[in-house]
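*Asks:* Shown below is the structure under consideration.
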Amino acid sequence: MSTRRIFLKRVGLSTLALGIPMAETLKAMENTKEDKVLRVAIMGLGSYGTRVADAMKDCKRAKLVGVVSGTPSKITDWQSKYDIPAKNCYNYENFDQIKDNPDIDIVYMTTPNSLHKPHCLRIAAAGKHVISEKPMALNAAEGREMVAACKKAGVHLMVGYRMHFELKTLEVVRMQRAGELGKTLFFQGLSGFIIGDPTQWRLDPALAGGGAMMDIGVYSINGARYMLGEEPTWITAQEVKNDPVKFKEGVDETITFQMGFPSGAVASCLSTYSLNNLDKFFLNGTKGFAEMQPSTGYGPIKAWTNKGPIEREHVTHQTVQMDEMAAIILDGKKPMIPVDGEEGLKDLVIVDAIYEAVKTGQKVTLS
Ligand code: NAD
C-alpha cells in the first residue's frame, strides 16, 4: 500500500472515530502543506536583488529571511526595510557559516555572472539550495561543475527563469505542444537594449563573461528552446561591432545567430546592446502563429495568435517565480518548463557554441 493510501486510511479511521468529515480533514491537511514556507537569503543586494525582495513581499510560499552582502550599510538598510534578523546576515567572507543556520533554506544569487559558480559551490557545500540568476555561469564547463556540486550535496539548483511561470508564455507553449499551431518550423527571437554607463560590470568581461549575449541574448536562446520544445543540433552566428571602445575585446555588442532543430525547425535570433524596444518572440507553424511583444520584459507581456489576443492576468513575475520555486522544493511540484540546473546548462552549451561559431565563422554541430 502506498504511503498516501496508508495515511488516508489512518486519517479516515481517526476522523471517523472523531466524527470529522473526511473532506474537512483533507482540506486541513492541504493547508498544513501549504503553510510550509521557503526561507530565502538574497546574495548581492543590487538592482535585481531589490526587485526580487520587493516582489517576495506578496509571496505566499516564499519569505525573505536573510542576506549576503559585502556592504555593511546595505545590510542594515535591508534589515530595517525587510525585517531581517542580525543572525541571518552574512558577508562574502563568512557566508559558509550559513550551514549552521537552520532558519535559511536557500540562497538566491543576484550577483554579477562570474560570481555564480564559485558562490554556488560554497552554498551547496553548506547544504543549502541555490537559485542562480541568469546566465547560470560563464560557460558550460562551469555550469557542469555547479550541477555536479549541487547533486553531490543533495540540494536543488535552479535558475531565475521567471518567464517559465508567466501565464501568456505558458499558453503559447501549451498551444505549441498541443499542435494548435500545426508543425512549428520557425522561431524568431529579438533581444536587446541600449546599455548605459560604460564602467558597469556588464561591460567587464571578467565579471560578465561576454556582452549582450550573456545578459539579454540568453532570453532568445532560452525562448527558442521552450517555444519549439526541442534542443538545437547546429548553430551559426555572426558578430557586428560598431563601437569597439565601449564594447572592448571579449564584450559582444551585437550577434545574430541561427539554430537548427531535429524536427527541421529553424530559429533566427538577434542579441544586442545597441537597440532599445527590442523584445520580441515570433513562432510560426503550418496552422498558425503566435507573437509576443514584449516577450521577456517585466511585463505586462503582450501575446496574440492568428486567432486573436491571448488574455491572462499579469502578476509580478518574481512573485510567481518564488512561490512556484517554493512549491518545487517543498512539494516536489514539476513546472511545465523546467528551471533546474540542467536547464541552465543547456543554455550555456548554446552560448559556448554561438561564441565558437562567431570566432571560427563555422557552423557548430551539437550532439
Ligand atoms: P547590480 O550591479 O545591480 O547588482 C549586483 C550586486 O552584486 C550589487 O549589489 C553588487 O554590490 C554585488 N556584488 C558582489 N560582488 C561584486 C563584485 N565583485 N563586483 C560587482 N558587484 C558585486 O546587477 P543586477 O542588475 O542586479 O544583476 C545581477 C544578476 O541578476 C546578473 O546575473 C543579471 O544577469 C541578473 N539579472 C536578471 C534579471 C532577470 O530578469 N532575471 C534582471 C536583471 C538582472
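Identifiers in this document derive from the order of the C-alpha cells: chains are assigned A, B, ..., residues are numbered from 1 separately in each chain, and ligands are numbered from 1 in order of occurrence.
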Using only C-alpha atoms, which protein or nucleic acid residues come within 9 Å of A:Leu366? Drop anything in the same chain fewer than 4 positions from it, and give the result as an mmCIF file with all heavy atoms, in the first residue's frame.

*Replies:*
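Dumped to around38.cif:
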data_model
loop_
_atom_site.group_PDB
_atom_site.id
_atom_site.type_symbol
_atom_site.label_atom_id
_atom_site.label_comp_id
_atom_site.auth_asym_id
_atom_site.auth_seq_id
_atom_site.Cartn_x
_atom_site.Cartn_y
_atom_site.Cartn_z
ATOM 1 N N PRO A 232 18.569 22.459 -30.076
ATOM 2 C CA PRO A 232 19.198 22.632 -31.399
ATOM 3 C C PRO A 232 20.324 21.628 -31.652
ATOM 4 O O PRO A 232 20.968 21.164 -30.718
ATOM 5 C CB PRO A 232 19.756 24.056 -31.335
ATOM 6 C CG PRO A 232 19.960 24.332 -29.899
ATOM 7 C CD PRO A 232 18.906 23.556 -29.165
ATOM 8 N N THR A 233 20.518 21.323 -32.933
ATOM 9 C CA THR A 233 21.606 20.404 -33.308
ATOM 10 C C THR A 233 22.718 21.147 -34.055
ATOM 11 O O THR A 233 23.796 20.609 -34.233
ATOM 12 C CB THR A 233 21.075 19.263 -34.202
ATOM 13 O OG1 THR A 233 20.311 19.848 -35.268
ATOM 14 C CG2 THR A 233 20.191 18.318 -33.408
ATOM 15 N N TRP A 234 22.435 22.348 -34.521
ATOM 16 C CA TRP A 234 23.517 23.139 -35.119
ATOM 17 C C TRP A 234 23.289 24.630 -34.874
ATOM 18 O O TRP A 234 22.161 25.073 -34.652
ATOM 19 C CB TRP A 234 23.686 22.857 -36.609
ATOM 20 C CG TRP A 234 22.489 23.116 -37.504
ATOM 21 C CD1 TRP A 234 21.639 22.177 -37.991
ATOM 22 C CD2 TRP A 234 22.017 24.387 -38.014
ATOM 23 N NE1 TRP A 234 20.667 22.776 -38.770
ATOM 24 C CE2 TRP A 234 20.876 24.129 -38.798
ATOM 25 C CE3 TRP A 234 22.441 25.709 -37.875
ATOM 26 C CZ2 TRP A 234 20.144 25.150 -39.441
ATOM 27 C CZ3 TRP A 234 21.725 26.723 -38.518
ATOM 28 C CH2 TRP A 234 20.594 26.431 -39.296
ATOM 29 N N ILE A 235 24.406 25.365 -34.899
ATOM 30 C CA ILE A 235 24.394 26.817 -34.639
ATOM 31 C C ILE A 235 25.283 27.511 -35.665
ATOM 32 O O ILE A 235 26.397 27.039 -35.929
ATOM 33 C CB ILE A 235 25.022 27.149 -33.251
ATOM 34 C CG1 ILE A 235 24.460 26.278 -32.124
ATOM 35 C CG2 ILE A 235 24.976 28.643 -32.954
ATOM 36 C CD1 ILE A 235 23.224 26.746 -31.469
ATOM 37 N N VAL A 349 25.497 25.656 -23.032
ATOM 38 C CA VAL A 349 26.086 24.887 -24.144
ATOM 39 C C VAL A 349 25.882 25.677 -25.444
ATOM 40 O O VAL A 349 26.781 25.784 -26.281
ATOM 41 C CB VAL A 349 25.432 23.479 -24.224
ATOM 42 C CG1 VAL A 349 25.774 22.783 -25.532
ATOM 43 C CG2 VAL A 349 25.852 22.626 -23.026
ATOM 44 N N ILE A 350 24.706 26.279 -25.574
ATOM 45 C CA ILE A 350 24.411 27.054 -26.793
ATOM 46 C C ILE A 350 25.218 28.355 -26.815
ATOM 47 O O ILE A 350 25.743 28.750 -27.862
ATOM 48 C CB ILE A 350 22.887 27.307 -26.902
ATOM 49 C CG1 ILE A 350 22.166 25.970 -27.039
ATOM 50 C CG2 ILE A 350 22.570 28.229 -28.079
ATOM 51 C CD1 ILE A 350 20.653 26.052 -26.977
ATOM 52 N N ALA A 353 28.554 27.544 -28.025
ATOM 53 C CA ALA A 353 28.537 27.248 -29.470
ATOM 54 C C ALA A 353 28.429 28.539 -30.279
ATOM 55 O O ALA A 353 29.057 28.671 -31.339
ATOM 56 C CB ALA A 353 27.374 26.305 -29.790
#

*Asks:* If we count only C-alpha atoms and set the cut-off at 7 Å, which residues sit around stretch 253-259 of chain A, ignoring sequence neighbours fewer than 4 positions away in its own chain? Please answer as a ChimeraX atom specification.

*Replies:* /A:211-212,232,234-241,247,266-274

*Asks:* Counting only C-alpha atoms and all ligand atoms, what are the residues, protein, DNA or RNA alike, that approach ligand 1 to within 6 Å? I want them as a list of chain:residue names.

*Replies:*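 Counting only C-alpha atoms and all ligand atoms, the residues within 6 Å of ligand 1 come out as A:Gly44, A:Leu45, A:Gly46, A:Ser47, A:Tyr48, A:Gly49, A:Thr110, A:Thr111, A:Pro112, A:Asn113, A:Glu133, A:Lys134, A:Pro135, A:Gly160, A:Asp215.
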
*Asks:* Take the selection from the previous step and output its residues with C-alpha atoms, as a short mmCIF file (atom, residue, chain, number, x, y, z; two decimals), in the first residue's frame.

*Replies:*
data_model
loop_
_atom_site.label_atom_id
_atom_site.label_comp_id
_atom_site.auth_asym_id
_atom_site.auth_seq_id
_atom_site.Cartn_x
_atom_site.Cartn_y
_atom_site.Cartn_z
CA GLY A 44 24.05 40.60 -3.89
CA LEU A 45 21.81 43.47 -2.83
CA GLY A 46 21.80 45.34 -6.14
CA SER A 47 19.13 46.30 -8.58
CA TYR A 48 17.71 42.84 -9.35
CA GLY A 49 18.10 41.58 -5.77
CA THR A 110 21.68 38.08 -7.74
CA THR A 111 25.34 38.93 -8.27
CA PRO A 112 27.44 39.51 -11.43
CA ASN A 113 27.67 36.43 -13.66
CA GLU A 133 20.35 34.40 -11.74
CA LYS A 134 20.78 34.01 -15.50
CA PRO A 135 23.17 33.25 -17.06
CA GLY A 160 15.78 32.57 -12.11
CA ASP A 215 22.89 39.37 -20.48
#

*Asks:* Of the candidates A:Trp201, A:Phe187, A:Trp304, A:Tyr355, which one gets nearest to A:Leu115 if we count only C-alpha atoms?

*Replies:* A:Trp201

*Asks:* Please indicate the distance in Å from atom CA of A:Asn139 to atom CA of A:Val173, rounded to one decimal place.

*Replies:*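 Result for atom CA of A:Asn139 versus atom CA of A:Val173: 27.0 Å, one decimal.
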
*Asks:* Find the residues around A:Val315 up to 9 Å (only C-alpha atoms counted), leave out those fewer than 6 positions away in its own chain, and share them as a list in words.

*Replies:* Glu166, Leu167, Gly299 and Pro300 of chain A

*Asks:* Keeping only N, CA and C atoms, write the selected residues to a file as a PDB file, in the first residue's frame.

*Replies:*
ATOM      1  N   GLU A 166       5.329  32.555 -16.527  1.00  0.00           N
ATOM      2  CA  GLU A 166       4.481  33.668 -16.988  1.00  0.00           C
ATOM      3  C   GLU A 166       3.309  33.101 -17.798  1.00  0.00           C
ATOM      4  N   LEU A 167       2.088  33.553 -17.467  1.00  0.00           N
ATOM      5  CA  LEU A 167       0.886  32.870 -17.961  1.00  0.00           C
ATOM      6  C   LEU A 167       0.683  32.933 -19.475  1.00  0.00           C
ATOM      7  N   GLY A 299       6.944  43.051 -17.929  1.00  0.00           N
ATOM      8  CA  GLY A 299       5.521  42.936 -18.224  1.00  0.00           C
ATOM      9  C   GLY A 299       4.739  44.200 -17.956  1.00  0.00           C
ATOM     10  N   PRO A 300       3.407  44.187 -18.266  1.00  0.00           N
ATOM     11  CA  PRO A 300       2.720  43.026 -18.807  1.00  0.00           C
ATOM     12  C   PRO A 300       3.239  42.612 -20.191  1.00  0.00           C
TER      13      PRO A 300
END

*Asks:* So which one's closest to A:Gln200, A:Lys246, A:Lys57, A:Arg174, A:Ala124? Using only C-alpha atoms, please.

*Replies:* A:Lys246

*Asks:* Which of stretch 89-283 of chain A counts as alpha helix (DSSP H) under DSSP, as an NGL selection string please?

*Replies:* :A and (116-125 or 140-153 or 167-177 or 205-208 or 212 or 218-228)

*Asks:* How many Å lie between atom CA of A:Ile310 and atom CA of A:Ala224, rounded to one decimal?

*Replies:* 19.3 Å

*Asks:* If we count only C-alpha atoms, what is near A:Ile42 at a cut-off of 6 Å, once residues fewer than 2 positions away on the same chain are taken out, given as a ChimeraX atom specification?

*Replies:* /A:67,107-108

*Asks:* Pick out the closest residue to A:Lys81 from this set: A:Asp340, A:Glu231, A:Asp105, A:Asp54. Count only C-alpha atoms.

*Replies:*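 Selected residue with least distance to A:Lys81: A:Asp54.
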
*Asks:* Of the candidates A:Glu230, A:Asp83, A:Asp243, A:Asp279, which shows the shortest atom-to-atom distance to A:Ala265, using only C-alpha atoms?

*Replies:*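 Looking at the shortest contact to A:Ala265, the residue is A:Glu230.
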
*Asks:* Hey, what does DSSP flag as strand (DSSP E) within stretch 98-193 of chain A? Can you give it to me as a list in words?

*Replies:*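 Assigned to strand (DSSP E), within stretch 98-193 of chain A: Ile106, Val107, Tyr108, Met109, His129, Val130, Ile131, Ser132, Leu157, Met158, Val159, Thr184, Leu185, Phe186, Phe187, Gln188, Gly189, Leu190, Ser191 and Gly192 of chain A.
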
*Asks:* Store the residues picked out above in a file with all heavy atoms, as a compact mmCIF listing (two decimals), in the first residue's frame.

*Replies:*
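Output saved as again.txt:
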# COMPACT_ATOMS: atom_id res chain seq x y z
N ILE A 106 17.52 28.42 1.43
CA ILE A 106 18.00 28.60 0.05
C ILE A 106 18.67 29.97 -0.09
O ILE A 106 18.25 30.93 0.58
CB ILE A 106 16.81 28.45 -0.93
CG1 ILE A 106 17.27 28.42 -2.39
CG2 ILE A 106 15.75 29.54 -0.74
CD1 ILE A 106 16.22 27.83 -3.34
N VAL A 107 19.69 30.04 -0.94
CA VAL A 107 20.34 31.32 -1.22
C VAL A 107 20.11 31.67 -2.69
O VAL A 107 20.34 30.84 -3.57
CB VAL A 107 21.85 31.27 -0.90
CG1 VAL A 107 22.50 32.63 -1.20
CG2 VAL A 107 22.09 30.87 0.55
N TYR A 108 19.63 32.88 -2.93
CA TYR A 108 19.34 33.36 -4.28
C TYR A 108 20.46 34.32 -4.68
O TYR A 108 20.58 35.41 -4.12
CB TYR A 108 17.99 34.07 -4.28
CG TYR A 108 17.41 34.37 -5.66
CD1 TYR A 108 16.03 34.55 -5.80
CD2 TYR A 108 18.19 34.48 -6.80
CE1 TYR A 108 15.46 34.83 -7.04
CE2 TYR A 108 17.63 34.76 -8.04
CZ TYR A 108 16.27 34.93 -8.15
OH TYR A 108 15.73 35.21 -9.39
N MET A 109 21.28 33.91 -5.67
CA MET A 109 22.42 34.73 -6.09
C MET A 109 22.00 35.75 -7.15
O MET A 109 21.70 35.37 -8.29
CB MET A 109 23.52 33.84 -6.69
CG MET A 109 23.95 32.67 -5.79
SD MET A 109 25.36 31.76 -6.48
CE MET A 109 24.65 31.07 -7.95
N HIS A 129 19.97 24.96 -0.62
CA HIS A 129 19.55 25.02 -2.02
C HIS A 129 20.04 26.33 -2.64
O HIS A 129 20.31 27.31 -1.91
CB HIS A 129 18.03 24.96 -2.14
CG HIS A 129 17.43 23.75 -1.49
ND1 HIS A 129 17.69 22.47 -1.92
CD2 HIS A 129 16.59 23.63 -0.43
CE1 HIS A 129 17.02 21.61 -1.17
NE2 HIS A 129 16.35 22.28 -0.25
N VAL A 130 20.12 26.35 -3.98
CA VAL A 130 20.66 27.52 -4.68
C VAL A 130 19.73 27.96 -5.81
O VAL A 130 19.24 27.13 -6.58
CB VAL A 130 22.03 27.17 -5.35
CG1 VAL A 130 22.68 28.43 -5.93
CG2 VAL A 130 22.97 26.47 -4.38
N ILE A 131 19.50 29.27 -5.91
CA ILE A 131 18.93 29.85 -7.14
C ILE A 131 20.01 30.75 -7.70
O ILE A 131 20.58 31.59 -6.98
CB ILE A 131 17.66 30.69 -6.88
CG1 ILE A 131 16.59 29.90 -6.13
CG2 ILE A 131 17.10 31.21 -8.22
CD1 ILE A 131 15.39 30.74 -5.69
N SER A 132 20.31 30.56 -8.98
CA SER A 132 21.26 31.44 -9.65
C SER A 132 20.49 32.34 -10.59
O SER A 132 19.55 31.89 -11.23
CB SER A 132 22.26 30.62 -10.46
OG SER A 132 23.03 31.49 -11.27
N LEU A 157 19.36 23.02 -7.46
CA LEU A 157 19.94 24.18 -8.15
C LEU A 157 18.89 24.64 -9.16
O LEU A 157 18.41 23.84 -9.97
CB LEU A 157 21.24 23.78 -8.88
CG LEU A 157 21.80 24.81 -9.88
CD1 LEU A 157 22.14 26.13 -9.19
CD2 LEU A 157 23.06 24.25 -10.56
N MET A 158 18.51 25.91 -9.07
CA MET A 158 17.52 26.45 -10.00
C MET A 158 18.04 27.76 -10.59
O MET A 158 18.93 28.39 -10.02
CB MET A 158 16.19 26.67 -9.29
CG MET A 158 15.57 25.35 -8.83
SD MET A 158 13.87 25.51 -8.31
CE MET A 158 14.12 26.16 -6.71
N VAL A 159 17.47 28.14 -11.73
CA VAL A 159 17.86 29.38 -12.39
C VAL A 159 16.65 30.31 -12.39
O VAL A 159 15.51 29.86 -12.56
CB VAL A 159 18.37 29.12 -13.83
CG1 VAL A 159 18.88 30.40 -14.47
CG2 VAL A 159 19.47 28.07 -13.82
N THR A 184 5.49 23.52 -35.90
CA THR A 184 6.19 24.81 -35.79
C THR A 184 7.58 24.69 -36.42
O THR A 184 8.41 23.89 -35.99
CB THR A 184 6.30 25.25 -34.31
OG1 THR A 184 6.67 24.13 -33.52
CG2 THR A 184 4.99 25.81 -33.82
N LEU A 185 7.79 25.51 -37.43
CA LEU A 185 9.03 25.39 -38.21
C LEU A 185 9.93 26.62 -38.14
O LEU A 185 11.04 26.60 -38.64
CB LEU A 185 8.68 25.09 -39.67
CG LEU A 185 8.15 23.68 -39.93
CD1 LEU A 185 7.65 23.54 -41.37
CD2 LEU A 185 9.24 22.64 -39.66
N PHE A 186 9.39 27.70 -37.50
CA PHE A 186 10.22 28.91 -37.46
C PHE A 186 10.01 29.67 -36.16
O PHE A 186 8.87 29.89 -35.72
CB PHE A 186 9.89 29.84 -38.63
CG PHE A 186 10.71 31.10 -38.63
CD1 PHE A 186 12.08 31.06 -38.88
CD2 PHE A 186 10.13 32.33 -38.33
CE1 PHE A 186 12.85 32.23 -38.85
CE2 PHE A 186 10.89 33.50 -38.31
CZ PHE A 186 12.25 33.44 -38.56
N PHE A 187 11.12 30.05 -35.52
CA PHE A 187 11.08 30.91 -34.33
C PHE A 187 12.00 32.10 -34.58
O PHE A 187 13.10 31.94 -35.11
CB PHE A 187 11.56 30.16 -33.08
CG PHE A 187 11.72 31.05 -31.88
CD1 PHE A 187 10.63 31.39 -31.08
CD2 PHE A 187 12.98 31.57 -31.55
CE1 PHE A 187 10.78 32.22 -29.98
CE2 PHE A 187 13.13 32.42 -30.44
CZ PHE A 187 12.02 32.73 -29.66
N GLN A 188 11.51 33.27 -34.21
CA GLN A 188 12.38 34.45 -34.25
C GLN A 188 12.44 35.03 -32.83
O GLN A 188 11.40 35.23 -32.19
CB GLN A 188 11.80 35.51 -35.19
CG GLN A 188 12.70 36.73 -35.33
CD GLN A 188 12.04 37.83 -36.13
OE1 GLN A 188 10.85 38.09 -35.98
NE2 GLN A 188 12.81 38.48 -36.98
N GLY A 189 13.66 35.28 -32.35
CA GLY A 189 13.84 35.89 -31.03
C GLY A 189 14.70 37.13 -31.16
O GLY A 189 15.83 37.07 -31.68
N LEU A 190 14.17 38.27 -30.72
CA LEU A 190 14.91 39.53 -30.80
C LEU A 190 15.05 40.09 -29.39
O LEU A 190 14.05 40.34 -28.71
CB LEU A 190 14.16 40.54 -31.67
CG LEU A 190 13.75 40.06 -33.08
CD1 LEU A 190 12.92 41.12 -33.78
CD2 LEU A 190 14.98 39.70 -33.90
N SER A 191 16.30 40.24 -28.92
CA SER A 191 16.53 40.63 -27.53
C SER A 191 17.59 41.72 -27.48
O SER A 191 18.74 41.48 -27.91
CB SER A 191 17.02 39.43 -26.71
OG SER A 191 16.12 38.35 -26.80
N GLY A 192 17.22 42.88 -26.94
CA GLY A 192 18.23 43.93 -26.84
C GLY A 192 17.80 45.13 -26.04
O GLY A 192 16.61 45.33 -25.78

*Asks:* Can you measure atom CA of A:Phe289 to atom CA of A:Val339 for me? One decimal in Å is fine.

*Replies:*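 Atom CA of A:Phe289 sits 25.5 Å away from atom CA of A:Val339.
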
*Asks:* Using only C-alpha atoms, find the one residue out of A:Ile301, A:Ala148, A:Ile104, A:Ala140 that sits nearest to A:Leu121.

*Replies:*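 Selected residue with least distance to A:Leu121: A:Ala148.
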